[in-house]
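The structure file protein11.cif is reproduced below (mmCIF, C-alpha atoms).
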```
data_run
#
loop_
_atom_site.label_atom_id
_atom_site.label_comp_id
_atom_site.auth_asym_id
_atom_site.auth_seq_id
_atom_site.Cartn_x
_atom_site.Cartn_y
_atom_site.Cartn_z
CA MET A 1 -17.20 -24.12 6.13
CA ALA A 2 -16.13 -24.69 9.73
CA ASN A 3 -18.64 -24.25 12.53
CA PHE A 4 -18.02 -22.17 15.62
CA GLY A 5 -17.60 -25.40 17.63
CA ASP A 6 -14.79 -26.75 15.46
CA ALA A 7 -11.11 -26.09 16.10
CA THR A 8 -10.63 -23.33 13.56
CA LEU A 9 -8.42 -20.34 12.84
CA PHE A 10 -10.67 -17.44 11.84
CA VAL A 11 -8.98 -14.61 9.92
CA VAL A 12 -11.18 -11.64 10.78
CA ALA A 13 -11.17 -8.22 9.11
CA THR A 14 -11.67 -5.21 11.39
CA PRO A 15 -12.52 -1.57 10.58
CA ILE A 16 -9.86 0.69 9.07
CA GLY A 17 -11.26 3.72 10.88
CA ASN A 18 -15.03 3.74 11.14
CA LEU A 19 -16.23 1.23 13.77
CA ALA A 20 -19.59 0.97 12.00
CA ASP A 21 -17.82 -0.97 9.25
CA MET A 22 -17.30 -3.99 11.53
CA SER A 23 -19.44 -6.83 10.18
CA GLN A 24 -22.02 -8.62 12.31
CA ARG A 25 -20.43 -11.94 11.41
CA GLY A 26 -17.04 -10.64 12.50
CA VAL A 27 -18.42 -9.68 15.90
CA GLU A 28 -20.13 -13.06 16.30
CA VAL A 29 -16.94 -14.93 15.43
CA LEU A 30 -14.82 -12.89 17.85
CA ARG A 31 -17.36 -13.54 20.59
CA SER A 32 -17.26 -17.27 19.88
CA VAL A 33 -13.51 -18.00 19.88
CA GLN A 34 -11.42 -18.88 22.92
CA ARG A 35 -8.52 -16.55 22.09
CA ILE A 36 -7.77 -13.63 19.76
CA PHE A 37 -4.32 -12.95 18.36
CA CYS A 38 -3.70 -9.31 17.41
CA GLU A 39 -0.84 -6.95 16.60
CA ASP A 40 -1.31 -4.55 19.53
CA THR A 41 -3.37 -5.75 22.49
CA ARG A 42 -3.89 -2.18 23.71
CA GLN A 43 -5.37 -1.01 20.43
CA SER A 44 -7.48 -4.14 19.97
CA ALA A 45 -8.78 -3.89 23.54
CA PHE A 46 -10.69 -0.75 22.54
CA LEU A 47 -12.40 -2.60 19.68
CA MET A 48 -13.25 -5.55 21.93
CA SER A 49 -14.71 -3.27 24.58
CA HIS A 50 -16.83 -1.42 22.00
CA PHE A 51 -18.45 -4.66 20.79
CA GLY A 52 -18.62 -6.47 24.13
CA ILE A 53 -16.09 -9.15 23.20
CA SER A 54 -14.44 -10.86 26.17
CA ALA A 55 -12.05 -13.41 24.63
CA PRO A 56 -8.45 -13.06 25.90
CA LEU A 57 -6.08 -11.10 23.65
CA GLU A 58 -2.55 -12.20 22.80
CA SER A 59 0.00 -10.33 20.70
CA LEU A 60 1.17 -11.55 17.31
CA HIS A 61 3.34 -9.18 15.30
CA ASP A 62 6.31 -9.12 12.90
CA HIS A 63 8.82 -9.87 15.64
CA ASN A 64 7.11 -12.86 17.29
CA GLU A 65 5.00 -14.47 14.57
CA SER A 66 7.25 -17.52 14.16
CA GLN A 67 7.29 -18.09 17.92
CA LYS A 68 3.47 -17.97 18.12
CA ILE A 69 2.89 -20.78 15.63
CA ASP A 70 3.38 -23.59 18.16
CA ARG A 71 1.15 -21.76 20.63
CA ILE A 72 -1.70 -21.50 18.11
CA LEU A 73 -1.33 -25.10 16.96
CA ALA A 74 -1.44 -26.28 20.58
CA LEU A 75 -4.69 -24.41 21.17
CA LEU A 76 -6.22 -25.90 18.02
CA ARG A 77 -5.15 -29.41 19.05
CA GLU A 78 -6.97 -28.85 22.34
CA GLY A 79 -10.12 -28.23 20.32
CA GLN A 80 -10.14 -24.47 20.80
CA SER A 81 -10.90 -21.96 18.06
CA VAL A 82 -8.82 -18.82 17.71
CA ALA A 83 -9.06 -15.63 15.68
CA LEU A 84 -6.38 -13.57 13.98
CA ILE A 85 -6.92 -9.83 13.53
CA SER A 86 -4.69 -6.90 12.59
CA ASP A 87 -4.70 -3.37 13.97
CA ALA A 88 -6.97 -2.34 11.10
CA GLY A 89 -8.37 -3.92 7.98
CA THR A 90 -7.86 -7.42 6.60
CA PRO A 91 -5.08 -9.46 8.23
CA LEU A 92 -2.04 -10.47 6.16
CA ILE A 93 -2.42 -7.50 3.75
CA SER A 94 0.90 -5.76 4.50
CA ASP A 95 0.55 -7.23 7.99
CA PRO A 96 1.91 -10.36 9.71
CA GLY A 97 0.06 -13.67 9.64
CA TYR A 98 0.88 -15.66 6.52
CA LYS A 99 3.34 -17.93 8.36
CA VAL A 100 0.62 -18.78 10.88
CA VAL A 101 -1.97 -19.48 8.17
CA GLN A 102 0.52 -21.62 6.27
CA ALA A 103 1.39 -23.66 9.37
CA VAL A 104 -2.27 -24.13 10.36
CA THR A 105 -3.28 -25.35 6.90
CA GLN A 106 -0.32 -27.72 6.80
CA ALA A 107 -1.46 -29.12 10.16
CA LYS A 108 -4.87 -29.84 8.54
CA PHE A 109 -6.90 -27.41 10.65
CA ALA A 110 -9.53 -25.21 9.03
CA VAL A 111 -8.73 -21.60 8.21
CA VAL A 112 -11.83 -19.48 7.63
CA PRO A 113 -11.74 -15.87 6.33
CA VAL A 114 -14.26 -13.39 7.71
CA PRO A 115 -14.08 -10.57 5.13
CA GLY A 116 -14.55 -6.90 5.76
CA ALA A 117 -12.70 -3.61 5.43
CA CYS A 118 -9.50 -3.42 3.38
CA ALA A 119 -7.86 -0.07 2.64
CA LEU A 120 -6.51 -0.97 -0.78
CA ILE A 121 -9.88 -2.26 -2.06
CA ALA A 122 -11.74 0.69 -0.56
CA ALA A 123 -9.34 3.11 -2.29
CA LEU A 124 -9.49 1.26 -5.60
CA SER A 125 -13.29 1.24 -5.61
CA ALA A 126 -13.52 5.04 -5.40
CA ALA A 127 -10.37 6.23 -7.18
CA GLY A 128 -11.73 6.27 -10.71
CA LEU A 129 -8.73 4.39 -12.12
CA PRO A 130 -9.02 1.08 -14.04
CA THR A 131 -9.92 -1.83 -11.75
CA ASP A 132 -9.92 -4.78 -14.17
CA ARG A 133 -6.23 -5.38 -13.44
CA PHE A 134 -4.22 -3.94 -10.57
CA ARG A 135 -0.97 -4.57 -8.73
CA PHE A 136 -0.54 -4.10 -4.97
CA GLU A 137 3.02 -3.22 -3.91
CA GLY A 138 2.50 -2.56 -0.19
CA PHE A 139 4.98 -0.13 1.35
CA LEU A 140 7.91 1.13 -0.71
CA PRO A 141 11.42 0.62 0.72
CA ALA A 142 12.47 3.21 3.28
CA LYS A 143 15.91 3.77 1.73
CA ALA A 144 15.99 6.15 -1.23
CA GLN A 145 18.06 3.97 -3.58
CA ALA A 146 15.97 0.86 -3.02
CA ARG A 147 12.79 2.92 -3.46
CA LYS A 148 14.13 4.36 -6.72
CA GLU A 149 14.97 0.90 -8.07
CA ARG A 150 11.57 -0.52 -7.16
CA LEU A 151 9.74 2.32 -8.90
CA GLU A 152 11.89 2.16 -12.01
CA ALA A 153 11.05 -1.54 -12.30
CA LEU A 154 7.35 -0.64 -12.27
CA CYS A 155 7.33 2.34 -14.64
CA HIS A 156 6.12 0.37 -17.69
CA GLN A 157 3.52 -1.78 -15.91
CA SER A 158 0.15 -1.33 -17.62
CA GLU A 159 -2.10 -2.13 -14.64
CA THR A 160 -3.11 0.28 -11.86
CA ILE A 161 -0.45 0.17 -9.12
CA LEU A 162 -1.30 0.60 -5.43
CA PHE A 163 0.99 1.45 -2.53
CA TYR A 164 0.55 2.03 1.17
CA GLU A 165 2.50 4.94 2.62
CA SER A 166 2.98 6.57 5.99
CA LYS A 167 2.78 10.24 6.88
CA HIS A 168 6.55 10.28 7.41
CA ARG A 169 7.45 9.38 3.82
CA ILE A 170 4.50 10.37 1.64
CA LEU A 171 6.19 13.43 0.09
CA GLU A 172 9.49 11.62 -0.50
CA SER A 173 7.67 8.72 -2.15
CA LEU A 174 5.65 10.97 -4.46
CA GLN A 175 8.80 12.86 -5.43
CA ALA A 176 10.46 9.55 -6.29
CA MET A 177 7.39 8.52 -8.32
CA GLN A 178 7.55 11.79 -10.23
CA VAL A 179 11.10 10.98 -11.27
CA ALA A 180 10.43 7.33 -12.11
CA PHE A 181 7.00 7.63 -13.77
CA GLY A 182 7.13 11.20 -15.08
CA ALA A 183 5.42 14.28 -13.67
CA GLY A 184 2.35 13.84 -15.90
CA ARG A 185 1.36 10.30 -14.82
CA GLU A 186 -2.18 10.23 -13.37
CA ILE A 187 -2.34 9.49 -9.66
CA VAL A 188 -4.86 9.34 -6.82
CA VAL A 189 -3.94 9.60 -3.13
CA ALA A 190 -6.45 8.66 -0.43
CA ARG A 191 -5.77 9.79 3.14
CA GLU A 192 -7.49 8.59 6.33
CA LEU A 193 -10.04 6.38 4.57
CA THR A 194 -13.41 6.02 6.39
CA LYS A 195 -12.32 8.47 9.12
CA ALA A 196 -13.61 11.95 9.88
CA PHE A 197 -10.91 13.69 7.82
CA GLU A 198 -10.90 11.39 4.79
CA THR A 199 -9.31 13.31 1.91
CA TRP A 200 -8.73 12.53 -1.77
CA TYR A 201 -6.08 14.12 -4.00
CA ARG A 202 -6.36 13.59 -7.76
CA GLY A 203 -4.42 14.69 -10.83
CA SER A 204 -0.95 14.28 -12.26
CA ILE A 205 1.85 13.37 -9.86
CA GLU A 206 3.09 16.94 -10.12
CA GLU A 207 -0.37 18.35 -9.30
CA VAL A 208 -0.97 15.99 -6.38
CA LEU A 209 2.42 16.83 -4.92
CA GLN A 210 1.45 20.50 -4.98
CA GLN A 211 -1.91 19.73 -3.36
CA LEU A 212 -0.26 17.83 -0.55
CA GLN A 213 2.40 20.46 0.02
CA GLN A 214 -0.32 23.12 0.34
CA ASP A 215 -2.48 21.05 2.72
CA VAL A 216 -1.66 21.75 6.37
CA HIS A 217 -2.94 18.27 7.26
CA GLN A 218 -0.88 16.41 4.66
CA THR A 219 1.53 14.86 7.17
CA LYS A 220 -1.28 13.33 9.24
CA GLY A 221 -2.78 9.89 8.81
CA GLU A 222 -2.20 6.89 6.60
CA PHE A 223 -2.21 6.92 2.80
CA VAL A 224 -3.13 4.72 -0.13
CA VAL A 225 -1.42 5.81 -3.35
CA LEU A 226 -2.84 4.67 -6.69
CA VAL A 227 -0.86 5.20 -9.89
CA ALA A 228 -2.38 4.83 -13.36
CA GLY A 229 -0.72 2.16 -15.45
CA PHE A 230 1.63 2.93 -18.31
CA GLN A 231 -0.16 3.53 -21.59
CA GLU A 232 1.35 3.30 -25.02
CA ALA A 233 1.07 6.67 -26.74
CA GLY A 234 1.51 7.66 -30.36
CA ASP A 235 5.06 7.33 -31.65
CA ASP A 236 6.01 10.99 -31.20
CA GLU A 237 4.35 11.38 -27.83
CA ALA A 238 5.81 8.11 -26.57
CA GLN A 239 9.29 9.20 -27.65
CA HIS A 240 8.96 12.55 -25.89
CA ARG A 241 7.76 10.88 -22.68
CA GLU A 242 10.68 8.45 -22.75
CA GLU A 243 13.12 11.29 -23.38
CA ASP A 244 11.67 13.22 -20.44
CA ARG A 245 11.78 10.17 -18.19
CA VAL A 246 15.44 9.43 -18.99
CA LEU A 247 16.47 13.08 -18.70
CA THR A 248 14.65 13.47 -15.38
CA LEU A 249 16.47 10.46 -13.97
CA LEU A 250 19.81 11.74 -15.19
CA LEU A 251 19.22 15.30 -13.99
CA ALA A 252 18.78 14.01 -10.47
CA GLU A 253 22.40 12.86 -10.57
CA VAL A 254 24.39 14.94 -13.11
CA PRO A 255 24.49 18.45 -14.67
CA VAL A 256 22.37 19.38 -17.69
CA LYS A 257 25.17 19.06 -20.23
CA THR A 258 26.17 15.62 -19.00
CA ALA A 259 22.55 14.48 -18.83
CA ALA A 260 22.00 15.49 -22.47
CA LYS A 261 25.16 13.69 -23.57
CA LEU A 262 24.27 10.49 -21.75
CA ALA A 263 20.66 10.60 -22.93
CA SER A 264 21.83 11.06 -26.51
CA ALA A 265 23.95 7.92 -26.25
CA LEU A 266 21.16 5.92 -24.58
CA LEU A 267 18.33 7.00 -26.85
CA GLN A 268 20.24 7.53 -30.09
CA LYS A 269 18.81 11.06 -30.37
CA PRO A 270 20.47 14.39 -31.27
CA LYS A 271 22.31 15.84 -28.31
CA ASN A 272 21.33 19.48 -28.98
CA ALA A 273 17.60 18.77 -28.87
CA LEU A 274 17.98 16.77 -25.68
CA TYR A 275 20.06 19.58 -24.15
CA GLU A 276 17.24 22.07 -24.79
CA ARG A 277 14.71 19.67 -23.30
CA ALA A 278 16.92 19.07 -20.26
CA LEU A 279 17.18 22.82 -19.69
CA ALA A 280 13.40 23.13 -19.80
CA LEU A 281 12.93 20.25 -17.36
CA LYS A 282 15.47 21.69 -14.94
CA ALA A 283 13.89 25.14 -15.12
CA LYS A 284 10.45 23.65 -14.44
CA LYS A 285 11.78 21.71 -11.46
CA ASP A 286 13.51 24.80 -10.02
CA VAL A 287 10.38 26.97 -10.16
#
```
Rewrite the structure from the file as structure tokens, please.
Amino acid sequence: MANFGDATLFVVATPIGNLADMSQRGVEVLRSVQRIFCEDTRQSAFLMSHFGISAPLESLHDHNESQKIDRILALLREGQSVALISDAGTPLISDPGYKVVQAVTQAKFAVVPVPGACALIAALSAAGLPTDRFRFEGFLPAKAQARKERLEALCHQSETILFYESKHRILESLQAMQVAFGAGREIVVARELTKAFETWYRGSIEEVLQQLQQDVHQTKGEFVVLVAGFQEAGDDEAQHREEDRVLTLLLAEVPVKTAAKLASALLQKPKNALYERALALKAKKDV
């Protein structure tokens, strides 16, 4: 482990909402370094002021990360230690920084993590979904077609799947998940973790969508979305779920009759039965 006096890049986790979650070691490291690189100097200045940290702040974000590499390497070659933080949580988790860490390690300088808050781990620890295996997908694509394709590629993954989502797209993303995964898939949504208005929504995707739509605060804050992994069901139940999934996808694009015809060809199932199921799914959606 590097000492404070060595030329080191410290990757320091900061609170995701509650300032009391800042670790003592994190504060000591930030007080010891010669410079701190952060996403937004204005936001980080508040954290520094709260903990009495006086090291100069310098911005490092998605648009200038590559340009900052030489700057950081120069400081390290001078024998200075620097810290990398994000606006909230653990750096590099859906945040910039990996190019810097890669360059610093290749230049043979020490990179030391200072662990702490991380929204995805906090959500996973309290969601009540399986934690032995999980898959973190970050933010879904903003464009509807790309989002649809990403979710369809994940629909048969057996591990718990985690996403980050913003207040601007949370409803659209859950609606897309309902189509891709099926309305009955178990889901947990955590909003504003560690903050005063922390809220949890649990149930099927359909139920959680209704909860969010009825909550006047649902478009405020940041979200972690956790989706239960795909589970093999009995033969009959599995077949019905697959029929519903295919029909739901088709009904989003074509009329009931066409959806039943296409599903019949894809699944090698009787068209009349699929037509009746498609009618029921459409009626349920229209309610």
Evaluate the PyMOL selection byres ((chain A and resi 110-122) around 7) and report residues as a PyMOL selection string: chain A and resi 2+8-16+21+23+26+89-90+105+108-109+123-126+224
Computed interatomic separation between atom CA of A:Leu279 and atom CA of A:Glu172 (Å): 23.5 Å
Using all atoms listed in the file, find each residue in stretch 147-207 of chain A having at least one atom no more than 12 Å away from stretch 282-287 of chain A; report its shortest atom-to-atom pair and that distance in Å (one decimal), rows by chain then rising number, as CSV.
```
residue,atom,partner,partner_atom,distance
A:Gln175,CA,A:Lys285,CA,11.1
A:Gln178,CA,A:Lys285,CA,10.9
A:Val179,CA,A:Lys285,CA,10.8
A:Ala183,CA,A:Lys285,CA,10.0
A:Glu206,CA,A:Lys285,CA,10.0
```
Distance in Å - atom CA of A:Val82 versus atom CA of A:Leu19: 21.7 Å
Spatial neighbours of A:Ser32, max dist 12 Å, all atoms listed in the file, sep filter under 6 positions, as a PyMOL selection string: chain A and resi 3-10+25-26+52-56+80-83
Can you tell me, as a PDB file with C-alpha atoms, keeping the file's coordinate frame, what residues are no more than 7 Å from A:Ser158 when counting only C-alpha atoms, ignoring any on the same chain fewer than 3 positions away?
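What ended up in around-v2.pdb:
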```pdb
ATOM      1  CA  GLY A 229      -0.720   2.160 -15.450  1.00  0.00           C
ATOM      2  CA  PHE A 230       1.630   2.930 -18.310  1.00  0.00           C
ATOM      3  CA  GLN A 231      -0.160   3.530 -21.590  1.00  0.00           C
TER       4      GLN A 231
END
```
Spatial sel., origin (-9.1, 10.2, 5.0), limit 10 Å, all atoms listed in the file, listed as a ChimeraX atom specification: /A:17,189-200,220-224
Resulting file, chosen residues, C-alpha atoms, as a compact mmCIF listing (two decimals), in the frame of the given file:
```txt
# COMPACT_ATOMS: atom_id res chain seq x y z
CA GLY A 17 -11.26 3.72 10.88
CA VAL A 189 -3.94 9.60 -3.13
CA ALA A 190 -6.45 8.66 -0.43
CA ARG A 191 -5.77 9.79 3.14
CA GLU A 192 -7.49 8.59 6.33
CA LEU A 193 -10.04 6.38 4.57
CA THR A 194 -13.41 6.02 6.39
CA LYS A 195 -12.32 8.47 9.12
CA ALA A 196 -13.61 11.95 9.88
CA PHE A 197 -10.91 13.69 7.82
CA GLU A 198 -10.90 11.39 4.79
CA THR A 199 -9.31 13.31 1.91
CA TRP A 200 -8.73 12.53 -1.77
CA LYS A 220 -1.28 13.33 9.24
CA GLY A 221 -2.78 9.89 8.81
CA GLU A 222 -2.20 6.89 6.60
CA PHE A 223 -2.21 6.92 2.80
CA VAL A 224 -3.13 4.72 -0.13
```
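Going from atom CA of A:Glu207 over to atom CA of A:Ala273, you cover 26.6 Å.
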Enumerate, in order of chain and increasing residue number, the residues of stretch 96-195 of chain A with an atom no farther than 8 Å from stretch 57-74 of chain A, each with its shortest atom pair and distance in Å to one decimal, counting all atoms listed in the file, as CSV.
```
residue,atom,partner,partner_atom,distance
A:Pro96,CA,A:Asp62,CA,5.6
A:Gly97,CA,A:Glu65,CA,7.0
A:Lys99,CA,A:Ser66,CA,7.0
A:Val100,CA,A:Ile69,CA,5.6
A:Ala103,CA,A:Ile69,CA,7.1
A:Val104,CA,A:Leu73,CA,6.7
A:Ala107,CA,A:Leu73,CA,7.9
```
Could you write those residues out with C-alpha atoms, as a PDB file, in the frame of the given file?
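Saved as selection00.pdb:
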```pdb
ATOM      1  CA  PRO A  96       1.910 -10.360   9.710  1.00  0.00           C
ATOM      2  CA  GLY A  97       0.060 -13.670   9.640  1.00  0.00           C
ATOM      3  CA  LYS A  99       3.340 -17.930   8.360  1.00  0.00           C
ATOM      4  CA  VAL A 100       0.620 -18.780  10.880  1.00  0.00           C
ATOM      5  CA  ALA A 103       1.390 -23.660   9.370  1.00  0.00           C
ATOM      6  CA  VAL A 104      -2.270 -24.130  10.360  1.00  0.00           C
ATOM      7  CA  ALA A 107      -1.460 -29.120  10.160  1.00  0.00           C
TER       8      ALA A 107
END
```
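The residue that comes closest to A:Glu186, out of A:Ile161, A:Leu267, A:Ala228, A:Ile36 and on the basis of only C-alpha atoms, is A:Ala228.
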Using all atoms listed in the file: which of A:Gln213, A:Gly138, A:Lys271, A:Gly184 has the shortest distance to A:Leu92: A:Gly138
Output check: residues returned by the PyMOL selection byres ((chain A and resi 149) around 12), as a ChimeraX atom specification: /A:140-148,150-155,176-177,179-181,249
Those same residues - C-alpha atoms - I'd like them written as a PDB file, keeping the file's coordinate frame.
```
ATOM      1  CA  LEU A 140       7.910   1.130  -0.710  1.00  0.00           C
ATOM      2  CA  PRO A 141      11.420   0.620   0.720  1.00  0.00           C
ATOM      3  CA  ALA A 142      12.470   3.210   3.280  1.00  0.00           C
ATOM      4  CA  LYS A 143      15.910   3.770   1.730  1.00  0.00           C
ATOM      5  CA  ALA A 144      15.990   6.150  -1.230  1.00  0.00           C
ATOM      6  CA  GLN A 145      18.060   3.970  -3.580  1.00  0.00           C
ATOM      7  CA  ALA A 146      15.970   0.860  -3.020  1.00  0.00           C
ATOM      8  CA  ARG A 147      12.790   2.920  -3.460  1.00  0.00           C
ATOM      9  CA  LYS A 148      14.130   4.360  -6.720  1.00  0.00           C
ATOM     10  CA  ARG A 150      11.570  -0.520  -7.160  1.00  0.00           C
ATOM     11  CA  LEU A 151       9.740   2.320  -8.900  1.00  0.00           C
ATOM     12  CA  GLU A 152      11.890   2.160 -12.010  1.00  0.00           C
ATOM     13  CA  ALA A 153      11.050  -1.540 -12.300  1.00  0.00           C
ATOM     14  CA  LEU A 154       7.350  -0.640 -12.270  1.00  0.00           C
ATOM     15  CA  CYS A 155       7.330   2.340 -14.640  1.00  0.00           C
ATOM     16  CA  ALA A 176      10.460   9.550  -6.290  1.00  0.00           C
ATOM     17  CA  MET A 177       7.390   8.520  -8.320  1.00  0.00           C
ATOM     18  CA  VAL A 179      11.100  10.980 -11.270  1.00  0.00           C
ATOM     19  CA  ALA A 180      10.430   7.330 -12.110  1.00  0.00           C
ATOM     20  CA  PHE A 181       7.000   7.630 -13.770  1.00  0.00           C
ATOM     21  CA  LEU A 249      16.470  10.460 -13.970  1.00  0.00           C
TER      22      LEU A 249
END
```
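Considering the residues A:Arg245, A:Leu250, A:His217, A:Arg77 and counting all atoms listed in the file, A:His156 has its shortest atom-to-atom contact with A:Arg245.
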Compile the contact shell of A:Leu212 as an mmCIF file with C-alpha atoms, in the coordinates of the input: residues with an atom at most 10 Å away, counting only C-alpha atoms, same-chain residues fewer than 6 positions apart removed.
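Now in selection_39.cif:
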```cif
data_model
loop_
_atom_site.group_PDB
_atom_site.id
_atom_site.type_symbol
_atom_site.label_atom_id
_atom_site.label_comp_id
_atom_site.auth_asym_id
_atom_site.auth_seq_id
_atom_site.Cartn_x
_atom_site.Cartn_y
_atom_site.Cartn_z
ATOM 1 C CA ILE A 170 4.500 10.370 1.640
ATOM 2 C CA LEU A 171 6.190 13.430 0.090
ATOM 3 C CA LEU A 174 5.650 10.970 -4.460
ATOM 4 C CA VAL A 189 -3.940 9.600 -3.130
ATOM 5 C CA TYR A 201 -6.080 14.120 -4.000
ATOM 6 C CA GLN A 218 -0.880 16.410 4.660
ATOM 7 C CA THR A 219 1.530 14.860 7.170
#
```
Picked residues, the PyMOL selection byres ((chain A and resi 262) around 12), as JSON, numbers by chain: {"A": [243, 246, 247, 248, 249, 250, 251, 253, 254, 255, 256, 257, 258, 259, 260, 261, 263, 264, 265, 266, 267, 268, 269, 270, 271, 272, 274, 275, 278]}
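Among the candidate residues A:Ala252, A:Ile93, A:Leu129, A:Leu47, the one lying nearest to A:Ala20 is A:Leu47, with distances computed using all atoms listed in the file.
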Proximity to A:His50 - best of A:Ile85, A:Leu76, A:Val227, A:Met22, only C-alpha atoms: A:Met22
